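Engineer: Please find my_file-v4.txt (compact mmCIF, C-alpha atoms and all ligand atoms) on the next line:
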```txt
# COMPACT_ATOMS: atom_id res chain seq x y z
CA MET A 74 -11.77 18.41 -26.78
CA ASN A 75 -10.46 19.70 -23.46
CA ILE A 76 -11.41 17.08 -20.89
CA PHE A 77 -11.69 19.72 -18.16
CA SER A 78 -13.77 22.22 -20.16
CA GLY A 79 -15.68 24.58 -17.88
CA LEU A 80 -13.13 24.04 -15.08
CA LYS A 81 -10.31 26.05 -16.63
CA GLU A 82 -9.81 28.36 -13.65
CA ILE A 83 -8.79 25.46 -11.38
CA VAL A 84 -6.78 23.34 -13.82
CA GLU A 85 -3.16 23.92 -14.80
CA THR A 86 -1.40 21.75 -17.36
CA ASP A 87 2.17 20.49 -17.55
CA TYR A 88 2.68 21.73 -14.00
CA PRO A 89 6.13 21.36 -12.36
CA LEU A 90 5.54 19.35 -9.19
CA ALA A 91 8.98 20.30 -7.85
CA ASN A 92 7.31 23.60 -6.86
CA ARG A 93 4.98 21.68 -4.55
CA THR A 94 7.19 19.19 -2.77
CA TRP A 95 9.43 19.70 0.26
CA TYR A 96 12.19 18.02 -1.67
CA GLY A 97 11.81 20.59 -4.44
CA LEU A 98 12.16 17.69 -6.85
CA GLY A 99 9.97 16.07 -9.49
CA GLY A 100 8.87 16.58 -13.08
CA PRO A 101 5.57 17.90 -14.41
CA ALA A 102 2.05 16.58 -13.90
CA ASP A 103 -0.20 16.58 -16.94
CA TYR A 104 -2.85 18.27 -14.79
CA PHE A 105 -2.56 20.09 -11.47
CA ILE A 106 -6.02 20.81 -10.13
CA ARG A 107 -7.15 22.86 -7.16
CA PRO A 108 -10.92 22.54 -6.75
CA LYS A 109 -12.54 25.23 -4.63
CA THR A 110 -15.59 23.28 -3.48
CA ILE A 111 -16.75 19.70 -2.97
CA GLU A 112 -19.00 20.08 -6.00
CA GLN A 113 -16.04 21.08 -8.16
CA LEU A 114 -14.02 18.18 -6.77
CA LYS A 115 -16.83 15.80 -7.76
CA LYS A 116 -16.83 17.20 -11.31
CA VAL A 117 -13.06 16.84 -11.59
CA VAL A 118 -13.23 13.22 -10.40
CA GLN A 119 -16.02 12.48 -12.85
CA ARG A 120 -14.00 13.89 -15.78
CA CYS A 121 -10.93 11.92 -14.71
CA ASN A 122 -12.99 8.73 -14.53
CA GLU A 123 -14.58 9.33 -17.94
CA ASN A 124 -11.17 9.90 -19.52
CA ASN A 125 -9.19 7.27 -17.62
CA VAL A 126 -6.90 9.86 -16.06
CA PRO A 127 -5.19 8.50 -12.91
CA ILE A 128 -5.62 10.66 -9.79
CA TYR A 129 -3.04 11.53 -7.15
CA VAL A 130 -4.04 13.53 -4.06
CA MET A 131 -1.39 15.89 -2.77
CA GLY A 132 -1.18 17.61 0.59
CA LEU A 133 1.86 19.78 1.28
CA GLY A 134 4.21 17.32 -0.42
CA SER A 135 6.32 16.74 2.70
CA ASN A 136 6.29 12.94 2.46
CA LEU A 137 6.71 12.60 -1.29
CA LEU A 138 9.38 11.87 -3.86
CA VAL A 139 8.08 12.58 -7.37
CA SER A 140 10.02 11.08 -10.30
CA ASP A 141 11.99 13.36 -12.62
CA GLU A 142 9.68 12.30 -15.46
CA GLY A 143 6.62 13.57 -13.58
CA LEU A 144 3.15 12.05 -13.84
CA ARG A 145 0.80 11.36 -16.72
CA ALA A 146 -2.03 11.98 -14.33
CA ALA A 147 -4.08 14.58 -12.49
CA VAL A 148 -2.65 15.77 -9.19
CA ILE A 149 -5.44 17.19 -7.04
CA LYS A 150 -4.76 19.50 -4.13
CA LEU A 151 -7.42 20.63 -1.65
CA GLU A 152 -6.22 24.04 -0.55
CA SER A 153 -9.07 26.52 -1.12
CA ASP A 154 -10.66 28.41 1.78
CA GLN A 155 -13.39 25.80 2.04
CA PHE A 156 -10.91 22.96 2.24
CA ALA A 157 -8.66 24.76 4.76
CA GLN A 158 -11.22 25.53 7.46
CA ILE A 159 -10.68 24.81 11.15
CA GLN A 160 -13.98 24.81 13.08
CA PHE A 161 -14.10 24.76 16.87
CA SER A 162 -17.01 23.54 18.98
CA GLY A 163 -15.97 23.20 22.63
CA GLU A 164 -13.40 20.43 22.88
CA GLN A 165 -14.19 19.19 19.40
CA VAL A 166 -12.45 20.48 16.28
CA THR A 167 -13.26 19.82 12.66
CA ALA A 168 -10.12 20.38 10.64
CA TRP A 169 -10.37 20.29 6.85
CA ALA A 170 -7.81 18.43 4.78
CA GLY A 171 -6.11 21.49 3.32
CA ALA A 172 -5.46 23.20 6.65
CA GLU A 173 -1.83 23.27 7.67
CA LEU A 174 -1.12 20.89 10.53
CA SER A 175 1.15 23.45 12.22
CA LYS A 176 -1.66 26.02 12.16
CA LEU A 177 -4.07 23.50 13.69
CA VAL A 178 -1.60 22.64 16.47
CA LEU A 179 -0.86 26.29 17.21
CA THR A 180 -4.51 27.37 17.24
CA CYS A 181 -5.38 24.55 19.65
CA VAL A 182 -2.49 25.52 21.93
CA GLN A 183 -3.66 29.14 21.93
CA LYS A 184 -7.16 28.02 22.91
CA GLY A 185 -5.81 25.88 25.76
CA LEU A 186 -6.86 22.66 24.07
CA SER A 187 -4.58 19.70 24.67
CA GLY A 188 -4.10 16.58 22.50
CA LEU A 189 -2.07 17.62 19.46
CA GLU A 190 1.17 18.82 21.08
CA ALA A 191 2.96 15.64 19.92
CA LEU A 192 2.60 16.84 16.33
CA THR A 193 4.66 19.98 16.85
CA GLY A 194 7.20 20.47 14.08
CA ILE A 195 5.67 17.96 11.65
CA PRO A 196 5.12 19.67 8.32
CA GLY A 197 2.13 18.90 6.15
CA SER A 198 -1.61 19.24 5.81
CA VAL A 199 -4.38 17.74 7.92
CA GLY A 200 -5.24 15.38 5.01
CA GLY A 201 -1.66 14.14 4.82
CA ALA A 202 -1.45 13.79 8.60
CA VAL A 203 -4.58 11.60 8.64
CA LYS A 204 -3.44 9.46 5.71
CA MET A 205 0.05 8.95 7.20
CA ASN A 206 -1.11 8.92 10.83
CA ALA A 207 1.67 11.44 11.39
CA GLY A 208 3.45 11.29 14.71
CA GLY A 209 6.49 9.98 16.50
CA ASN A 210 7.96 9.35 19.94
CA PHE A 211 5.46 11.68 21.58
CA GLY A 212 2.23 10.36 20.06
CA ASP A 213 0.29 10.38 16.79
CA PHE A 214 -2.61 12.17 15.11
CA GLY A 215 -4.80 9.06 15.04
CA SER A 216 -5.09 9.06 18.85
CA ALA A 217 -7.00 12.34 18.67
CA VAL A 218 -9.06 11.75 15.50
CA GLU A 219 -12.56 10.40 16.12
CA ALA A 220 -13.96 10.46 12.60
CA VAL A 221 -13.10 11.46 9.07
CA THR A 222 -15.24 12.61 6.17
CA VAL A 223 -14.09 11.10 2.92
CA MET A 224 -15.03 11.06 -0.75
CA ASP A 225 -14.61 7.96 -2.87
CA ARG A 226 -13.73 7.67 -6.57
CA ARG A 227 -17.41 7.72 -7.49
CA GLY A 228 -17.87 11.08 -5.77
CA SER A 229 -19.82 9.71 -2.75
CA VAL A 230 -19.15 11.58 0.48
CA PHE A 231 -19.49 9.75 3.81
CA GLU A 232 -18.14 9.60 7.33
CA LYS A 233 -15.98 6.86 8.78
CA SER A 234 -15.59 6.88 12.56
CA LYS A 235 -13.90 4.82 15.25
CA PRO A 236 -13.97 1.86 15.88
CA GLU A 237 -14.46 1.25 12.15
CA LEU A 238 -11.72 3.82 11.54
CA VAL A 239 -8.36 2.35 12.53
CA PHE A 240 -4.98 4.04 12.80
CA ASP A 241 -1.71 2.14 12.88
CA TYR A 242 1.99 3.00 12.69
CA ARG A 243 2.19 5.60 9.84
CA SER A 244 -1.00 4.20 8.27
CA THR A 245 -4.79 4.03 8.42
CA ASN A 246 -7.46 1.75 6.98
CA ILE A 247 -8.96 4.59 4.90
CA THR A 248 -9.31 3.36 1.33
CA SER A 249 -11.38 6.24 -0.11
CA LYS A 250 -9.42 8.49 -2.45
CA PHE A 251 -10.04 11.82 -0.69
CA ILE A 252 -9.93 12.75 2.96
CA LEU A 253 -12.06 15.88 3.24
CA ASN A 254 -11.88 16.58 6.96
CA ALA A 255 -11.12 15.09 10.36
CA ARG A 256 -13.07 15.43 13.59
CA VAL A 257 -10.66 15.70 16.47
CA LYS A 258 -11.45 15.33 20.19
CA LEU A 259 -9.25 17.37 22.52
CA SER A 260 -9.39 18.23 26.20
CA GLU A 261 -9.08 21.45 28.07
CA GLY A 262 -5.65 21.82 29.61
CA ASP A 263 -3.39 24.26 31.36
CA PRO A 264 -2.13 26.59 28.56
CA GLU A 265 1.28 26.94 30.22
CA GLN A 266 1.75 23.17 30.49
CA ILE A 267 0.62 22.72 26.88
CA MET A 268 3.11 25.35 25.74
CA ARG A 269 5.90 23.69 27.77
CA THR A 270 5.23 20.38 26.00
CA VAL A 271 5.20 22.09 22.59
CA LYS A 272 8.58 23.65 23.36
CA GLU A 273 10.03 20.32 24.55
CA VAL A 274 8.90 18.54 21.38
CA TRP A 275 10.20 21.39 19.22
CA ILE A 276 13.63 21.37 20.88
CA TYR A 277 13.84 17.59 20.47
CA LYS A 278 13.06 17.95 16.73
CA LYS A 279 15.54 20.75 16.24
CA ASN A 280 18.29 18.77 17.93
CA ASN A 281 17.59 15.53 16.12
CA GLN A 282 16.40 16.37 12.60
CA PRO A 283 18.08 18.31 9.77
CA LEU A 284 15.17 20.76 9.58
CA ASP A 285 16.99 23.42 7.58
CA THR A 286 17.54 21.14 4.57
CA ARG A 287 15.46 19.84 1.65
CA ASN A 288 14.15 16.44 2.70
CA ALA A 289 10.95 14.45 3.16
CA GLY A 290 11.32 13.39 6.79
CA CYS A 291 12.13 9.77 7.58
CA ILE A 292 12.69 7.73 4.42
CA PHE A 293 12.03 4.32 6.02
CA LYS A 294 9.60 3.04 8.60
CA ASN A 295 11.13 1.69 11.77
CA PRO A 296 11.20 -2.09 11.61
CA ARG A 297 9.82 -4.01 14.59
CA ASP A 298 12.01 -3.46 17.66
CA ALA A 299 14.58 -1.28 15.87
CA ALA A 300 15.06 2.27 14.65
CA ALA A 301 15.76 2.50 10.92
CA GLY A 302 18.07 5.48 11.52
CA ALA A 303 20.18 3.51 14.03
CA LEU A 304 20.57 0.59 11.59
CA ILE A 305 21.64 2.93 8.78
CA ASP A 306 24.07 4.65 11.15
CA ARG A 307 25.52 1.33 12.36
CA ALA A 308 25.98 0.25 8.74
CA GLY A 309 28.29 3.27 8.41
CA LEU A 310 26.14 5.05 5.85
CA LYS A 311 25.91 8.56 7.30
CA GLY A 312 27.26 11.01 4.74
CA LEU A 313 26.95 8.50 1.86
CA GLN A 314 26.28 10.47 -1.32
CA ILE A 315 24.96 9.67 -4.78
CA GLY A 316 24.73 12.63 -7.16
CA GLY A 317 23.12 15.43 -5.15
CA ALA A 318 21.51 13.10 -2.58
CA VAL A 319 23.22 12.50 0.75
CA VAL A 320 22.40 10.53 3.92
CA SER A 321 22.10 13.11 6.70
CA GLU A 322 24.89 13.25 9.29
CA LYS A 323 22.36 14.44 11.85
CA HIS A 324 19.70 11.74 11.39
CA ALA A 325 20.61 8.74 9.24
CA ASN A 326 16.99 8.09 8.23
CA PHE A 327 16.86 11.44 6.41
CA ILE A 328 18.16 11.82 2.84
CA ILE A 329 18.94 15.40 1.94
CA ALA A 330 18.68 16.89 -1.54
CA GLN A 331 21.59 19.19 -2.20
CA LYS A 332 21.86 21.71 -5.02
CA GLY A 333 21.52 20.02 -8.40
CA CYS A 334 19.96 16.88 -6.90
CA LYS A 335 17.57 14.85 -9.05
CA SER A 336 14.86 12.49 -7.86
CA ARG A 337 16.79 9.62 -9.44
CA ASP A 338 19.75 10.40 -7.14
CA VAL A 339 17.50 10.02 -4.09
CA MET A 340 16.02 6.81 -5.50
CA ARG A 341 19.45 5.29 -6.15
CA LEU A 342 20.61 6.24 -2.66
CA ILE A 343 17.48 4.68 -1.15
CA GLU A 344 18.19 1.41 -2.99
CA THR A 345 21.83 1.43 -1.87
CA VAL A 346 20.91 2.05 1.78
CA LYS A 347 18.28 -0.72 1.66
CA GLN A 348 20.75 -3.17 0.17
CA LYS A 349 23.53 -2.37 2.67
CA VAL A 350 21.22 -2.64 5.69
CA LYS A 351 19.92 -5.97 4.34
CA GLU A 352 23.48 -7.29 3.91
CA GLU A 353 24.60 -6.05 7.33
CA PHE A 354 21.60 -6.93 9.52
CA GLY A 355 19.27 -9.06 7.38
CA VAL A 356 16.55 -6.42 7.79
CA GLU A 357 14.36 -5.41 4.85
CA LEU A 358 13.64 -1.69 5.27
CA GLU A 359 10.22 -0.51 4.14
CA LEU A 360 9.58 2.96 2.71
CA GLU A 361 7.78 5.55 4.81
CA ILE A 362 7.89 8.20 2.06
CA GLU A 363 5.78 7.72 -1.05
CA ILE A 364 7.40 7.59 -4.46
CA TRP A 365 5.17 8.86 -7.28
CA GLY A 366 5.84 7.97 -10.90
C1 LIG A 401 11.43 17.99 8.03
C2 LIG A 401 10.36 16.92 8.07
C3 LIG A 401 10.06 16.31 9.28
C4 LIG A 401 9.06 15.32 9.34
N1 LIG A 401 8.80 14.74 10.55
C5 LIG A 401 7.81 13.83 10.63
C6 LIG A 401 7.48 13.23 11.89
O1 LIG A 401 8.07 13.53 12.93
N2 LIG A 401 6.46 12.32 11.92
C7 LIG A 401 5.77 11.97 10.78
O2 LIG A 401 4.84 11.16 10.87
N3 LIG A 401 6.07 12.52 9.58
C8 LIG A 401 7.06 13.42 9.47
N4 LIG A 401 7.37 13.96 8.25
C9 LIG A 401 6.65 13.50 7.05
C10 LIG A 401 5.41 14.34 6.69
O3 LIG A 401 5.49 15.60 7.28
C11 LIG A 401 4.11 13.66 7.11
O4 LIG A 401 3.97 12.38 6.53
C12 LIG A 401 2.88 14.51 6.75
O5 LIG A 401 1.76 13.99 7.41
C13 LIG A 401 2.60 14.54 5.25
O6 LIG A 401 1.58 15.49 5.01
P1 LIG A 401 1.44 16.21 3.61
O7 LIG A 401 0.23 17.05 3.63
O8 LIG A 401 2.71 16.90 3.25
O9 LIG A 401 1.19 14.97 2.65
P2 LIG A 401 1.83 14.64 1.23
O10 LIG A 401 3.29 14.43 1.41
O11 LIG A 401 1.41 15.63 0.23
O12 LIG A 401 1.13 13.24 0.93
C14 LIG A 401 1.38 12.12 1.76
C15 LIG A 401 0.28 11.08 1.55
O13 LIG A 401 -0.95 11.60 2.01
C16 LIG A 401 -1.92 11.56 0.97
N5 LIG A 401 -2.82 12.69 1.12
C17 LIG A 401 -2.51 14.00 1.37
N6 LIG A 401 -3.64 14.73 1.49
C18 LIG A 401 -4.67 13.88 1.28
C19 LIG A 401 -6.08 14.03 1.26
N7 LIG A 401 -6.70 15.20 1.45
N8 LIG A 401 -6.84 12.92 1.00
C20 LIG A 401 -6.26 11.71 0.79
N9 LIG A 401 -4.94 11.52 0.81
C21 LIG A 401 -4.15 12.58 1.05
C22 LIG A 401 -1.11 11.59 -0.33
O14 LIG A 401 -1.84 11.06 -1.41
C23 LIG A 401 0.06 10.73 0.09
O15 LIG A 401 -0.35 9.38 0.03
C24 LIG A 401 8.37 14.94 8.16
C25 LIG A 401 8.66 15.58 6.95
C26 LIG A 401 9.65 16.56 6.89
C27 LIG A 401 9.94 17.24 5.57
```
So, in terms of structure tokens, how does the structure I just supplied come out?
Ligand SMILES: Cc1cc2nc3c(=O)[nH]c(=O)nc-3n(C[C@H](O)[C@H](O)[C@H](O)COP(=O)(O)OP(=O)(O)OC[C@H]3O[C@@H](n4cnc5c(N)ncnc54)[C@H](O)[C@@H]3O)c2cc1C
Structural biologist:
Amino acid sequence: MNIFSGLKEIVETDYPLANRTWYGLGGPADYFIRPKTIEQLKKVVQRCNENNVPIYVMGLGSNLLVSDEGLRAAVIKLESDQFAQIQFSGEQVTAWAGAELSKLVLTCVQKGLSGLEALTGIPGSVGGAVKMNAGGNFGDFGSAVEAVTVMDRRGSVFEKSKPELVFDYRSTNITSKFILNARVKLSEGDPEQIMRTVKEVWIYKKNNQPLDTRNAGCIFKNPRDAAAGALIDRAGLKGLQIGGAVVSEKHANFIIAQKGCKSRDVMRLIETVKQKVKEEFGVELELEIEIWG
């Protein structure tokens, strides 16, 4: 029996995840599911639970490396109109998980609302930006988020707000499986000043990151009191290549996938970089990207 009977229009099988990741890498998922409503999402979760199908939640795939073998699992993506809404109420914005972060930033800028400029140039969805507490030198998403609405693996929907909701460096204390939306508090600002900041952040990104390549942003988190990219650079690893994967010359914490690259090439290069940095500086680098499968 088809375990997703009655939900055929939102379920695809044997779906190539390479189509959905920034790396353009990764094998097939047994199920790729795009629920249109919260009710449908609940049904999908229930069927997965009943049939012991593991669940992965995917945003825009900009922080992921999916194995070449793919996943014997259901990959769920919240991208329908309902899940991509951005609702404004004065200085408060409710952004749904499937909305593009860049669209949220731009719309706020256009409305003269300040608080998200630091996120300029970061790809991804609102859900992914909450989960990863996306940000950098200029600030992070968590500083602006007041509350999130989540759904757990039993299908219960509830809100978690500050101070119970905590954001840390590239992480949060959200344990529920699905982030449905985030309530963001902004402040009215001078539109010209906001636009100036956006441009400054954008120019910084363009000058410092290999944006025109296939990558997943920074591979490693910065260790305490050091920049992972600087350690990799000082270890002489810029340009190091395994198969189709190469350490970026522009930013050593980026690994670029060239033509013909496989996920396993990126994984082997990650291991090599980790090992060399450990040998050289005694520092154990920790992954910022997520490896699935
Ligand atoms: C060129 C480039 C530059 C980048 N620069 C930065 C940067 O400056 N700062 C930075 O922080 N990051 C950066 N990144 C990494 C990436 O953009 C962020 O981590 C982003 O927030 C990931 O969002 P996503 O929607 O693509 O998530 P995905 O990559 O799809 O998923 C990432 C994680 O979020 C989870 N997730 C996604 N949606 C949901 C949801 N609705 N509910 C629950 N969990 C969910 C996934 O399960 C996974 O654990 C960069 C990436 C690229 C390719």
Engineer: Show me, as a VMD selection string, the residues that have an atom within 6 Å of range 332-344 of chain A when counting only C-alpha atoms, minus same-chain residues fewer than 4 positions from it.
Structural biologist: chain A and resid 98 140 to 141 315 to 318
Engineer: Ligand LIG 401 (chain A): which residues are within 6 Å, counting all atoms listed in the file, as a ChimeraX atom specification?
Structural biologist: /A:95,129-137,170,195-198,200-202,204-205,207-209,250-253,284,288-290
Engineer: Give the answer as one residue: which of A:Leu179, A:Val320, A:Ala308, A:Ala325 has the shortest atom-to-atom distance to Gly355 in chain A, using all atoms listed in the file?
Structural biologist: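 Closest residue, counting all atoms listed in the file: A:Ala308.
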Engineer: Rank nothing, just name the residue among A:Glu352, A:Glu112, A:Asp103, A:Glu232 nearest to Pro127 in chain A, using all atoms listed in the file.
Structural biologist: A:Asp103
Engineer: Report, in Å to a single decimal, how far apart CA of Leu177 in chain A and CA of Thr222 in chain A are.
Structural biologist: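 Atom-to-atom, CA of Thr222 in chain A to CA of Leu177 in chain A, that is 17.3 Å.
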Engineer: One decimal, in Å: what's the spacing between CA of Gly97 in chain A and CA of Gln331 in chain A?
Structural biologist: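 Between CA of Gly97 in chain A and CA of Gln331 in chain A the gap is 10.1 Å.
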Engineer: Work out how far apart CA of Leu90 in chain A and CA of Glu363 in chain A are and give it in Å to one decimal.
Structural biologist: 14.2 Å
Engineer: Can you rebuild range 333-345 of chain A with N, CA and C atoms and give it as an mmCIF file, in the frame of the given file?
Structural biologist:
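Wrote out-v4.cif, looks like this:
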```
data_model
loop_
_atom_site.group_PDB
_atom_site.id
_atom_site.type_symbol
_atom_site.label_atom_id
_atom_site.label_comp_id
_atom_site.auth_asym_id
_atom_site.auth_seq_id
_atom_site.Cartn_x
_atom_site.Cartn_y
_atom_site.Cartn_z
ATOM 1 N N GLY A 333 21.293 20.832 -7.202
ATOM 2 C CA GLY A 333 21.520 20.020 -8.400
ATOM 3 C C GLY A 333 21.010 18.591 -8.289
ATOM 4 N N CYS A 334 20.460 18.251 -7.126
ATOM 5 C CA CYS A 334 19.960 16.880 -6.900
ATOM 6 C C CYS A 334 18.785 16.575 -7.825
ATOM 7 N N LYS A 335 18.706 15.334 -8.259
ATOM 8 C CA LYS A 335 17.570 14.850 -9.050
ATOM 9 C C LYS A 335 16.846 13.776 -8.237
ATOM 10 N N SER A 336 15.592 13.552 -8.563
ATOM 11 C CA SER A 336 14.860 12.490 -7.860
ATOM 12 C C SER A 336 15.573 11.152 -8.022
ATOM 13 N N ARG A 337 16.134 10.930 -9.218
ATOM 14 C CA ARG A 337 16.790 9.620 -9.440
ATOM 15 C C ARG A 337 17.987 9.441 -8.509
ATOM 16 N N ASP A 338 18.648 10.532 -8.104
ATOM 17 C CA ASP A 338 19.750 10.400 -7.140
ATOM 18 C C ASP A 338 19.218 9.874 -5.810
ATOM 19 N N VAL A 339 18.093 10.455 -5.374
ATOM 20 C CA VAL A 339 17.500 10.020 -4.090
ATOM 21 C C VAL A 339 17.079 8.563 -4.199
ATOM 22 N N MET A 340 16.485 8.196 -5.335
ATOM 23 C CA MET A 340 16.020 6.810 -5.500
ATOM 24 C C MET A 340 17.191 5.823 -5.470
ATOM 25 N N ARG A 341 18.283 6.184 -6.133
ATOM 26 C CA ARG A 341 19.450 5.290 -6.150
ATOM 27 C C ARG A 341 20.049 5.160 -4.751
ATOM 28 N N LEU A 342 20.071 6.282 -4.026
ATOM 29 C CA LEU A 342 20.610 6.240 -2.660
ATOM 30 C C LEU A 342 19.716 5.383 -1.753
ATOM 31 N N ILE A 343 18.418 5.506 -1.932
ATOM 32 C CA ILE A 343 17.480 4.680 -1.150
ATOM 33 C C ILE A 343 17.770 3.194 -1.384
ATOM 34 N N GLU A 344 17.927 2.822 -2.659
ATOM 35 C CA GLU A 344 18.190 1.410 -2.990
ATOM 36 C C GLU A 344 19.501 0.933 -2.368
ATOM 37 N N THR A 345 20.524 1.803 -2.427
ATOM 38 C CA THR A 345 21.830 1.430 -1.870
ATOM 39 C C THR A 345 21.735 1.223 -0.361
#
```
